[in-house]
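As stored in input.cif (mmCIF, C-alpha atoms and all ligand atoms):
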data_run
#
loop_
_atom_site.label_atom_id
_atom_site.label_comp_id
_atom_site.auth_asym_id
_atom_site.auth_seq_id
_atom_site.Cartn_x
_atom_site.Cartn_y
_atom_site.Cartn_z
CA MET A 950 90.97 115.54 116.72
CA ASP A 951 89.98 118.38 119.04
CA ILE A 952 90.96 121.56 117.25
CA ILE A 953 90.89 122.43 113.55
CA VAL A 954 93.03 125.45 112.71
CA LEU A 955 91.97 127.12 109.46
CA ASN A 956 94.32 128.77 107.03
CA ARG A 957 94.04 132.44 106.14
CA LYS A 958 92.28 131.69 102.84
CA ALA A 959 89.45 129.69 104.42
CA THR A 960 86.00 130.89 103.25
CA GLU A 961 82.56 130.66 104.88
CA ASN A 962 81.83 127.85 102.48
CA ASP A 963 84.90 125.91 103.64
CA ILE A 964 83.85 126.38 107.26
CA ASN A 965 80.34 125.14 106.55
CA ARG A 966 81.66 122.04 104.81
CA ILE A 967 83.89 121.26 107.79
CA LEU A 968 80.99 121.76 110.24
CA LYS A 969 78.80 119.45 108.11
CA LYS A 970 81.52 116.81 108.13
CA LEU A 971 81.77 117.00 111.90
CA GLU A 972 77.99 116.67 112.18
CA SER A 973 78.06 113.54 110.04
CA ARG A 974 80.37 112.02 112.66
CA GLY A 975 78.03 113.02 115.50
CA LEU A 976 80.28 115.94 116.52
CA LYS A 977 79.77 119.69 116.68
CA GLY A 978 82.09 122.57 115.84
CA THR A 979 82.46 125.76 117.86
CA ILE A 980 84.12 128.60 116.02
CA SER A 981 86.61 130.93 117.69
CA LYS A 982 87.68 133.93 115.60
CA GLY A 983 91.04 135.26 116.76
CA THR A 984 92.84 138.24 115.25
CA GLU A 985 95.22 135.90 113.43
CA ARG A 986 93.31 132.71 112.81
CA ILE A 987 89.93 131.03 112.91
CA VAL A 988 89.89 127.89 115.00
CA ILE A 989 87.12 125.27 115.20
CA GLY A 990 86.82 123.43 118.51
CA VAL A 991 85.40 119.95 118.09
CA ILE A 992 82.75 119.12 120.66
CA GLY A 993 81.67 115.58 121.47
CA ASP A 994 83.45 112.30 122.02
CA THR A 995 86.48 112.80 119.79
CA SER A 996 88.33 109.81 121.20
CA LYS A 997 86.60 107.50 118.70
CA ILE A 998 87.85 109.42 115.67
CA THR A 999 90.49 107.30 113.96
CA GLU A 1000 93.65 108.70 112.47
CA ASP A 1001 92.35 107.94 108.98
CA GLU A 1002 89.18 109.93 109.64
CA GLU A 1003 91.27 112.74 111.04
CA ASN A 1004 93.28 112.77 107.82
CA THR A 1005 90.13 113.21 105.74
CA VAL A 1006 89.56 116.47 107.61
CA ARG A 1007 93.23 117.47 107.41
CA VAL A 1008 93.06 117.51 103.59
CA MET A 1009 89.87 119.56 103.39
CA LYS A 1010 90.00 122.99 101.75
CA GLY A 1011 90.66 125.76 104.25
CA VAL A 1012 92.28 123.50 106.86
CA GLU A 1013 95.78 124.37 108.03
CA GLU A 1014 96.17 121.87 110.85
CA VAL A 1015 94.22 119.38 112.89
CA MET A 1016 95.32 118.93 116.49
CA ARG A 1017 94.58 116.85 119.52
CA ILE A 1018 94.45 118.44 122.95
CA LEU A 1019 95.84 116.32 125.72
CA LYS A 1020 93.96 118.21 128.41
CA PRO A 1021 90.42 116.98 129.10
CA TYR A 1022 88.98 120.48 128.69
CA LYS A 1023 89.03 122.10 125.25
CA LEU A 1024 86.88 125.21 124.97
CA ALA A 1025 88.24 126.50 128.28
CA SER A 1026 91.81 125.80 127.25
CA ARG A 1027 94.41 128.32 126.10
CA ASP A 1028 95.36 125.89 123.35
CA PHE A 1029 91.94 126.47 121.82
CA LYS A 1030 91.86 130.24 122.36
CA SER A 1031 95.10 132.02 123.09
CA GLN A 1032 93.64 135.49 123.67
CA ASP A 1033 92.15 136.38 127.05
CA THR A 1034 88.37 136.27 127.18
CA ILE A 1035 86.90 139.66 127.98
CA ILE A 1036 83.37 139.76 129.33
CA LYS A 1037 81.31 142.93 128.99
CA VAL A 1038 78.31 143.56 131.20
CA LYS A 1039 76.46 146.88 130.90
CA GLY A 1040 79.66 148.84 130.29
CA ARG A 1041 81.70 146.91 132.87
CA ILE A 1042 84.59 144.80 131.64
CA ILE A 1043 85.89 141.63 133.29
CA GLY A 1044 89.26 140.47 132.02
CA GLY A 1045 90.57 143.88 130.95
CA LYS A 1046 93.09 146.26 132.53
CA LYS A 1047 90.64 147.55 135.11
CA ILE A 1048 89.89 145.18 138.00
CA PRO A 1049 86.15 145.21 138.76
CA VAL A 1050 85.01 144.60 142.32
CA VAL A 1051 81.76 142.74 143.10
CA ALA A 1052 80.55 143.83 146.54
CA GLY A 1053 77.50 143.44 148.74
CA PRO A 1054 76.04 141.32 151.51
CA CYS A 1055 76.15 137.54 151.63
CA ALA A 1056 72.36 137.41 151.54
CA VAL A 1057 69.74 139.98 150.62
CA GLU A 1058 68.10 140.37 154.03
CA ASN A 1059 65.79 143.32 153.53
CA ARG A 1060 65.27 146.24 151.18
CA ALA A 1061 66.70 149.05 153.34
CA MET A 1062 69.98 147.29 154.10
CA LEU A 1063 70.58 146.36 150.47
CA MET A 1064 69.91 149.92 149.23
CA ASN A 1065 72.25 151.29 151.85
CA VAL A 1066 75.08 148.85 151.06
CA ALA A 1067 74.62 149.32 147.31
CA GLU A 1068 74.96 153.11 147.59
CA LYS A 1069 78.03 152.80 149.80
CA VAL A 1070 79.91 150.24 147.71
CA ARG A 1071 79.15 152.22 144.56
CA ALA A 1072 80.56 155.38 146.15
CA ALA A 1073 83.68 153.43 147.14
CA GLY A 1074 84.20 152.28 143.54
CA ALA A 1075 82.60 148.83 143.28
CA SER A 1076 81.48 147.75 139.81
CA PHE A 1077 78.77 145.18 140.69
CA ILE A 1078 76.28 144.65 143.50
CA ARG A 1079 75.93 141.12 144.86
CA GLY A 1080 73.62 139.38 147.31
CA GLY A 1081 72.09 135.93 147.55
CA ALA A 1082 68.32 135.46 147.26
CA TYR A 1083 68.62 131.66 147.28
CA LYS A 1084 71.22 130.70 149.88
CA PRO A 1085 73.03 127.36 150.11
CA ARG A 1086 73.01 126.93 153.90
CA THR A 1087 74.54 124.03 155.79
CA SER A 1088 71.51 123.85 158.07
CA PRO A 1089 67.98 123.52 156.65
CA TYR A 1090 66.81 125.61 159.62
CA ALA A 1091 69.06 128.58 158.81
CA PHE A 1092 67.85 131.58 156.75
CA GLN A 1093 67.44 130.34 153.18
CA GLY A 1094 67.10 133.71 151.43
CA LEU A 1095 64.15 135.86 150.34
CA GLY A 1096 63.72 134.23 146.93
CA GLU A 1097 62.13 136.42 144.25
CA GLU A 1098 61.52 139.25 146.73
CA GLY A 1099 65.31 139.41 147.23
CA LEU A 1100 65.82 139.51 143.46
CA GLN A 1101 63.42 142.45 143.23
CA TYR A 1102 65.45 144.37 145.81
CA LEU A 1103 68.63 143.62 143.85
CA ALA A 1104 67.04 144.95 140.67
CA GLU A 1105 65.91 148.07 142.52
CA ALA A 1106 69.39 148.62 144.00
CA SER A 1107 70.85 148.17 140.54
CA LYS A 1108 68.48 150.73 139.07
CA LYS A 1109 69.31 153.20 141.81
CA THR A 1110 73.10 152.82 141.63
CA GLY A 1111 73.71 151.70 138.06
CA LEU A 1112 75.60 148.65 139.38
CA PRO A 1113 74.84 145.41 137.51
CA VAL A 1114 73.74 142.43 139.64
CA VAL A 1115 75.50 139.16 140.53
CA THR A 1116 73.36 136.56 142.30
CA GLU A 1117 73.44 132.82 142.91
CA ILE A 1118 71.32 130.09 141.34
CA MET A 1119 70.89 126.78 143.16
CA ASP A 1120 68.10 125.10 141.22
CA PRO A 1121 67.46 125.06 137.45
CA ARG A 1122 63.75 125.56 138.25
CA ASP A 1123 64.60 129.13 139.37
CA LEU A 1124 66.53 130.00 136.21
CA ASP A 1125 63.81 131.93 134.34
CA THR A 1126 63.00 133.98 137.44
CA ILE A 1127 66.66 134.74 138.18
CA LEU A 1128 67.35 135.71 134.56
CA LYS A 1129 64.72 138.46 134.82
CA TYR A 1130 66.72 140.23 137.52
CA THR A 1131 70.42 139.37 137.28
CA ASP A 1132 73.25 140.38 134.96
CA ILE A 1133 75.67 137.62 136.01
CA ILE A 1134 74.57 134.20 137.30
CA GLN A 1135 76.65 132.85 140.17
CA ILE A 1136 77.18 129.11 140.59
CA GLY A 1137 78.25 128.57 144.18
CA ALA A 1138 81.03 126.31 145.42
CA ARG A 1139 78.55 123.65 146.52
CA ASN A 1140 77.10 123.41 143.04
CA MET A 1141 80.30 123.49 141.01
CA GLN A 1142 79.73 119.88 140.03
CA ASN A 1143 75.95 120.05 139.72
CA PHE A 1144 76.25 119.08 136.09
CA ARG A 1145 72.57 119.50 135.19
CA LEU A 1146 72.66 123.03 136.58
CA LEU A 1147 75.85 123.75 134.61
CA LEU A 1148 74.22 122.55 131.38
CA GLU A 1149 71.18 124.74 132.03
CA VAL A 1150 73.19 127.93 132.52
CA GLY A 1151 75.26 126.88 129.52
CA MET A 1152 72.16 127.35 127.40
CA CYS A 1153 71.51 130.93 128.45
CA HIS A 1154 73.04 134.15 127.25
CA LYS A 1155 74.23 135.72 130.47
CA PRO A 1156 77.75 135.44 131.92
CA VAL A 1157 78.28 132.83 134.62
CA LEU A 1158 80.52 133.33 137.66
CA LEU A 1159 81.64 129.80 138.50
CA LYS A 1160 83.01 129.38 142.01
CA ARG A 1161 85.59 126.74 142.77
CA GLY A 1162 84.17 123.71 144.59
CA LEU A 1163 85.03 123.16 148.25
CA SER A 1164 87.44 120.34 147.40
CA ALA A 1165 87.82 120.76 143.66
CA THR A 1166 91.12 120.56 141.84
CA ILE A 1167 91.80 123.19 139.20
CA LYS A 1168 91.24 120.52 136.54
CA GLU A 1169 87.81 119.59 137.93
CA TRP A 1170 86.94 123.28 138.08
CA LEU A 1171 87.89 123.76 134.44
CA MET A 1172 85.87 120.68 133.51
CA ALA A 1173 82.88 122.33 135.19
CA ALA A 1174 83.52 125.44 133.04
CA GLU A 1175 83.71 123.13 130.03
CA TYR A 1176 80.21 121.79 130.83
CA ILE A 1177 78.83 125.34 130.60
CA MET A 1178 80.82 126.19 127.47
CA SER A 1179 79.90 122.93 125.73
CA LYS A 1180 76.29 124.17 125.62
CA GLY A 1181 77.29 127.37 123.84
CA ASN A 1182 77.77 129.87 126.65
CA GLN A 1183 81.40 130.99 126.42
CA GLN A 1184 81.01 133.75 129.02
CA VAL A 1185 82.43 132.02 132.08
CA ILE A 1186 84.22 133.82 134.90
CA LEU A 1187 86.13 131.61 137.33
CA CYS A 1188 86.05 132.56 141.02
CA GLU A 1189 88.65 131.27 143.49
CA ARG A 1190 87.02 131.17 146.95
CA GLY A 1191 89.31 128.91 148.92
CA ILE A 1192 89.45 125.15 149.33
CA ARG A 1193 89.25 122.74 152.26
CA THR A 1194 92.59 121.81 153.74
CA PHE A 1195 93.76 120.57 157.16
CA GLU A 1196 94.20 124.19 158.29
CA THR A 1197 91.57 125.45 160.72
CA ALA A 1198 92.82 128.99 161.46
CA THR A 1199 90.90 130.24 158.42
CA ARG A 1200 87.49 129.09 157.10
CA ASN A 1201 89.13 127.81 153.90
CA THR A 1202 92.61 128.03 152.41
CA LEU A 1203 92.62 130.70 149.72
CA ASP A 1204 94.61 129.13 146.90
CA LEU A 1205 96.07 132.18 145.23
CA SER A 1206 98.44 130.02 143.22
CA SER A 1207 95.38 129.05 141.16
CA VAL A 1208 95.45 132.55 139.63
CA PRO A 1209 98.77 132.21 137.74
CA VAL A 1210 98.07 128.51 137.06
CA LEU A 1211 94.77 129.44 135.41
CA GLN A 1212 96.38 132.25 133.45
CA GLN A 1213 98.59 129.62 131.83
CA THR A 1214 95.93 127.01 131.23
CA THR A 1215 92.80 128.99 130.37
CA HIS A 1216 91.76 132.17 128.59
CA LEU A 1217 88.87 132.72 131.03
CA PRO A 1218 89.02 135.61 133.54
CA VAL A 1219 89.69 134.75 137.19
CA VAL A 1220 88.08 136.59 140.10
CA VAL A 1221 89.17 136.08 143.72
CA ASP A 1222 86.79 136.00 146.71
CA PRO A 1223 88.90 136.55 149.83
CA SER A 1224 85.78 136.80 152.04
CA HIS A 1225 84.84 133.11 151.78
CA GLY A 1226 88.52 132.27 151.37
CA VAL A 1227 89.45 133.35 154.89
CA GLY A 1228 86.10 133.69 156.69
CA LYS A 1229 87.30 136.51 158.97
CA TRP A 1230 86.77 140.15 158.14
CA ASP A 1231 90.19 141.33 159.37
CA LEU A 1232 91.97 138.90 157.04
CA VAL A 1233 90.01 139.98 153.95
CA ALA A 1234 92.01 143.12 153.12
CA PRO A 1235 95.49 141.49 153.14
CA MET A 1236 94.27 138.63 150.94
CA ALA A 1237 92.43 140.99 148.58
CA LYS A 1238 95.72 142.85 148.13
CA ALA A 1239 97.60 139.61 147.57
CA ALA A 1240 95.00 138.55 145.00
CA VAL A 1241 95.47 141.74 143.00
CA ALA A 1242 99.26 141.32 143.20
CA ALA A 1243 98.88 137.72 141.96
CA GLY A 1244 97.03 138.90 138.85
CA ALA A 1245 93.33 138.50 139.70
CA ASP A 1246 90.95 139.93 137.08
CA GLY A 1247 88.42 140.90 139.72
CA LEU A 1248 87.47 140.65 143.40
CA LEU A 1249 84.31 139.55 145.20
CA ILE A 1250 83.94 141.03 148.67
CA GLU A 1251 81.13 140.71 151.20
CA VAL A 1252 80.03 144.01 152.71
CA HIS A 1253 77.35 144.48 155.38
CA THR A 1254 76.27 147.58 157.30
CA ASP A 1255 75.72 145.59 160.52
CA PRO A 1256 77.87 142.42 160.41
CA GLU A 1257 77.17 141.62 164.08
CA ASN A 1258 73.53 141.03 163.20
CA ALA A 1259 73.96 139.60 159.70
CA MET A 1260 71.84 136.55 158.84
CA SER A 1261 74.80 134.87 157.16
CA ASP A 1262 78.58 135.34 156.91
CA GLY A 1263 78.67 138.36 159.24
CA GLU A 1264 82.07 137.35 160.62
CA GLN A 1265 83.68 137.74 157.20
CA SER A 1266 81.82 140.86 156.05
CA LEU A 1267 83.48 144.26 155.87
CA LYS A 1268 81.66 147.33 157.07
CA PRO A 1269 81.30 149.97 154.32
CA ASP A 1270 84.09 152.13 155.80
CA ALA A 1271 86.56 149.24 155.85
CA PHE A 1272 85.56 148.43 152.26
CA LYS A 1273 86.18 152.03 151.23
CA LYS A 1274 89.61 151.99 152.88
CA LEU A 1275 90.49 148.73 151.15
CA MET A 1276 89.47 150.10 147.75
CA SER A 1277 91.88 152.99 148.09
CA GLU A 1278 94.68 150.74 149.40
CA LEU A 1279 94.28 148.45 146.39
CA LYS A 1280 95.01 151.23 143.91
CA PRO A 1281 98.84 151.33 144.22
CA ILE A 1282 98.98 147.52 144.19
CA ALA A 1283 96.96 147.36 140.99
CA LYS A 1284 99.22 150.00 139.47
CA ALA A 1285 102.35 148.08 140.42
CA VAL A 1286 101.14 145.07 138.40
CA GLY A 1287 100.02 147.14 135.41
CA ARG A 1288 96.33 147.21 136.31
CA GLU A 1289 93.78 149.73 137.57
CA ILE A 1290 91.10 149.49 140.19
C1 LIG I 1 78.39 133.30 148.57
O1 LIG I 1 78.94 133.86 147.61
O2 LIG I 1 77.74 133.90 149.44
C2 LIG I 1 78.60 131.84 148.74
C3 LIG I 1 77.65 131.05 149.25
O3 LIG I 1 79.82 131.44 148.35
P1 LIG I 1 80.47 129.98 148.15
O4 LIG I 1 79.59 129.27 147.17
O5 LIG I 1 81.82 130.31 147.59
O6 LIG I 1 80.52 129.33 149.50
MN MN I 2 78.51 134.31 151.81
#
Go through the file and emit its structure as structure tokens.
Amino acid sequence: MDIIVLNRKATENDINRILKKLESRGLKGTISKGTERIVIGVIGDTSKITEDEENTVRVMKGVEEVMRILKPYKLASRDFKSQDTIIKVKGRIIGGKKIPVVAGPCAVENRAMLMNVAEKVRAAGASFIRGGAYKPRTSPYAFQGLGEEGLQYLAEASKKTGLPVVTEIMDPRDLDTILKYTDIIQIGARNMQNFRLLLEVGMCHKPVLLKRGLSATIKEWLMAAEYIMSKGNQQVILCERGIRTFETATRNTLDLSSVPVLQQTTHLPVVVDPSHGVGKWDLVAPMAKAAVAAGADGLLIEVHTDPENAMSDGEQSLKPDAFKKLMSELKPIAKAVGREI
């Protein structure tokens, strides 16, 4: 028993009785109100519920049907919620007709550069400013980010441009600090299966941009989303950023087929990050266009004013002019697939 579909006549009282019954079995109910029906997702280990127990719920007042979901993820599944999830952040919408673009440097390096990039990406039509203050670097000797100072610059750039902030969390101990400055919390590829971190962000009230792990299958990625959602935070945005394959011509292999696969299997919005996907600035524009054509709900693009001297990911960063050009080239593609950019 994973999903309880209520009938049209179900009252608040009926719902409360069902939730109480679930609690008595050590389970929890999460309510999803669609335009047609109210559905209760059953959270917890439902595998131990016998058919007889399931039948005692099936006959309760207000219940139309009790169903099992064969997929291991429930709350993230389209079977649980058929309508697309739309996430609103300070007037920006992710998962709607308009395709928002998150742009900015890989890392916040200093105040002046961030202000400059923020102004330029805003003028070119970006919807969010990004930049890492806590960077997951392969080498412990490489630049690790400015920490809270970087977050302060992001907040200042946001105030100046009106662009909400997306920034990465690596350690649950930084959560309270990061929440003071960011509008969307990014979980990076390296932390996609950091389950304690996922549970922590699942308990907060800000949207989470969950990047696909370096070698994660789509199923594992959705299970990571499920971890966040199981704690009550339903505002999860998936971000395809490429996976490791045998190919070495690009930094990763950008799996654009995940976009239509996810549209079938989940109601969550899907953003594509061609910058980390290809790792080379001159390949970013073609893959950004392909992502929009494939149905992406958003893009994440690294932009730097001086990529040659960037402290991280300079080789894949667009200069502001190239970003501006890309934004205008994306317009007809978005239009062709019934979207706007
Ligand atoms: C980033 O967004 O700068 C980043 C570190 O990305 P990823 O986690 O996808 O490698
Ligand atoms: Mn980066």
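Pocket residues of ligand LIG 1 (chain I), taken as those with any atom at most 6 Å away using only C-alpha atoms and all ligand atoms, are A:Cys1055, A:Pro1085, A:Gly1137, A:Ala1138, A:Arg1139, A:Lys1160, A:Arg1190, A:His1225.
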Using only C-alpha atoms and all ligand atoms, which residues of the polymer chains come no farther than 12 Å from ligand MN 2 (chain I)? I'd like the answer as an NGL selection string. :A and (1052-1057 or 1079-1087 or 1093-1094 or 1116-1117 or 1135 or 1137-1139 or 1160 or 1190 or 1200 or 1222-1230 or 1249-1253 or 1256 or 1259-1267)
At what distance in Å, to one decimal, does atom CA of A:Asp1132 lie from atom CA of A:Ile1192? 26.5 Å
One decimal, in Å: what's the spacing between atom CA of A:Asn1140 and atom CA of A:Ala1173?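 So the two atoms, atom CA of A:Asn1140 and atom CA of A:Ala1173, lie 9.8 Å apart.
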Please identify all polymer residues within 7 Å of stretch 990-996 of chain A, counting only C-alpha atoms, omitting same-chain residues fewer than 4 positions from it, and present them as a PDB file with C-alpha atoms, keeping the file's coordinate frame.
ATOM      1  CA  MET A 950      90.970 115.540 116.720  1.00  0.00           C
ATOM      2  CA  ASP A 951      89.980 118.380 119.040  1.00  0.00           C
ATOM      3  CA  ILE A 952      90.960 121.560 117.250  1.00  0.00           C
ATOM      4  CA  ILE A 953      90.890 122.430 113.550  1.00  0.00           C
ATOM      5  CA  LEU A 976      80.280 115.940 116.520  1.00  0.00           C
ATOM      6  CA  LYS A 977      79.770 119.690 116.680  1.00  0.00           C
ATOM      7  CA  GLY A 978      82.090 122.570 115.840  1.00  0.00           C
ATOM      8  CA  THR A 979      82.460 125.760 117.860  1.00  0.00           C
ATOM      9  CA  ILE A 980      84.120 128.600 116.020  1.00  0.00           C
ATOM     10  CA  LEU A1024      86.880 125.210 124.970  1.00  0.00           C
ATOM     11  CA  PHE A1029      91.940 126.470 121.820  1.00  0.00           C
ATOM     12  CA  SER A1179      79.900 122.930 125.730  1.00  0.00           C
TER      13      SER A1179
END
Distance query A:Ala959 at most 8 Å, only C-alpha atoms, self and fewer than 6 positions along chain excluded, as a ChimeraX atom specification: /A:1010-1012
Pull C-alpha atoms from the residues just selected and write them as a PDB file, keeping the file's coordinate frame.
ATOM      1  CA  LYS A1010      90.000 122.990 101.750  1.00  0.00           C
ATOM      2  CA  GLY A1011      90.660 125.760 104.250  1.00  0.00           C
ATOM      3  CA  VAL A1012      92.280 123.500 106.860  1.00  0.00           C
TER       4      VAL A1012
END
Which is closest to A:Phe1077 among A:Asn1182, A:Gln1032, A:Ser1026, A:Thr1131, if we use all atoms listed in the file?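 Checking each candidate against A:Phe1077, we get A:Thr1131 as the closest.
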Do you have the atom CA of A:Ala1061-atom CA of A:Met1276 distance handy?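 Atom CA of A:Ala1061 sits 23.5 Å away from atom CA of A:Met1276.
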Would you mind listing what lies within 10 Å of A:Leu1147 as a list in words, with all atoms listed in the file counted and same-chain residues fewer than 2 positions away left out?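 Once the nearby chain positions are removed, what remains is Pro1121, Ile1136, Asn1140, Met1141, Gln1142, Asn1143, Phe1144, Arg1145, Glu1149, Val1150, Gly1151, Met1152, Val1157, Leu1159, Ala1173, Ala1174, Glu1175, Tyr1176, Ile1177, Met1178, Ser1179 and Lys1180 of chain A.
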Considering all atoms listed in the file, state which residue in the set A:Ile1018, A:Leu1063, A:Ala1073, A:Val1286 is at the smallest distance from A:Val1050.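 Smallest separation from A:Val1050 among the options: A:Ala1073.
Considering only C-alpha atoms, the residue among A:Ala1165, A:Ala1106, A:Val1066, A:Ile1048 positioned nearest to A:Pro1218 is A:Ile1048.
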Among listed residues A:Gln1213, A:Thr960, A:Ser1207, A:Asn1201, nearest A:Cys1188 (using only C-alpha atoms):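 Under the stated criterion, the closest residue is A:Ser1207.
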Shortest contact to A:Pro1156, candidates A:Val1221, A:Ile1043, A:Ala1245, A:Ala1234, atoms counted only C-alpha atoms, goes to A:Ile1043
Ranking A:Gly1044, A:Ile1282, A:Val1114, A:Leu1203 by minimum distance to A:Val1219 and counting only C-alpha atoms, which one comes first?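 Counting only C-alpha atoms, the residue closest to A:Val1219 is A:Gly1044.
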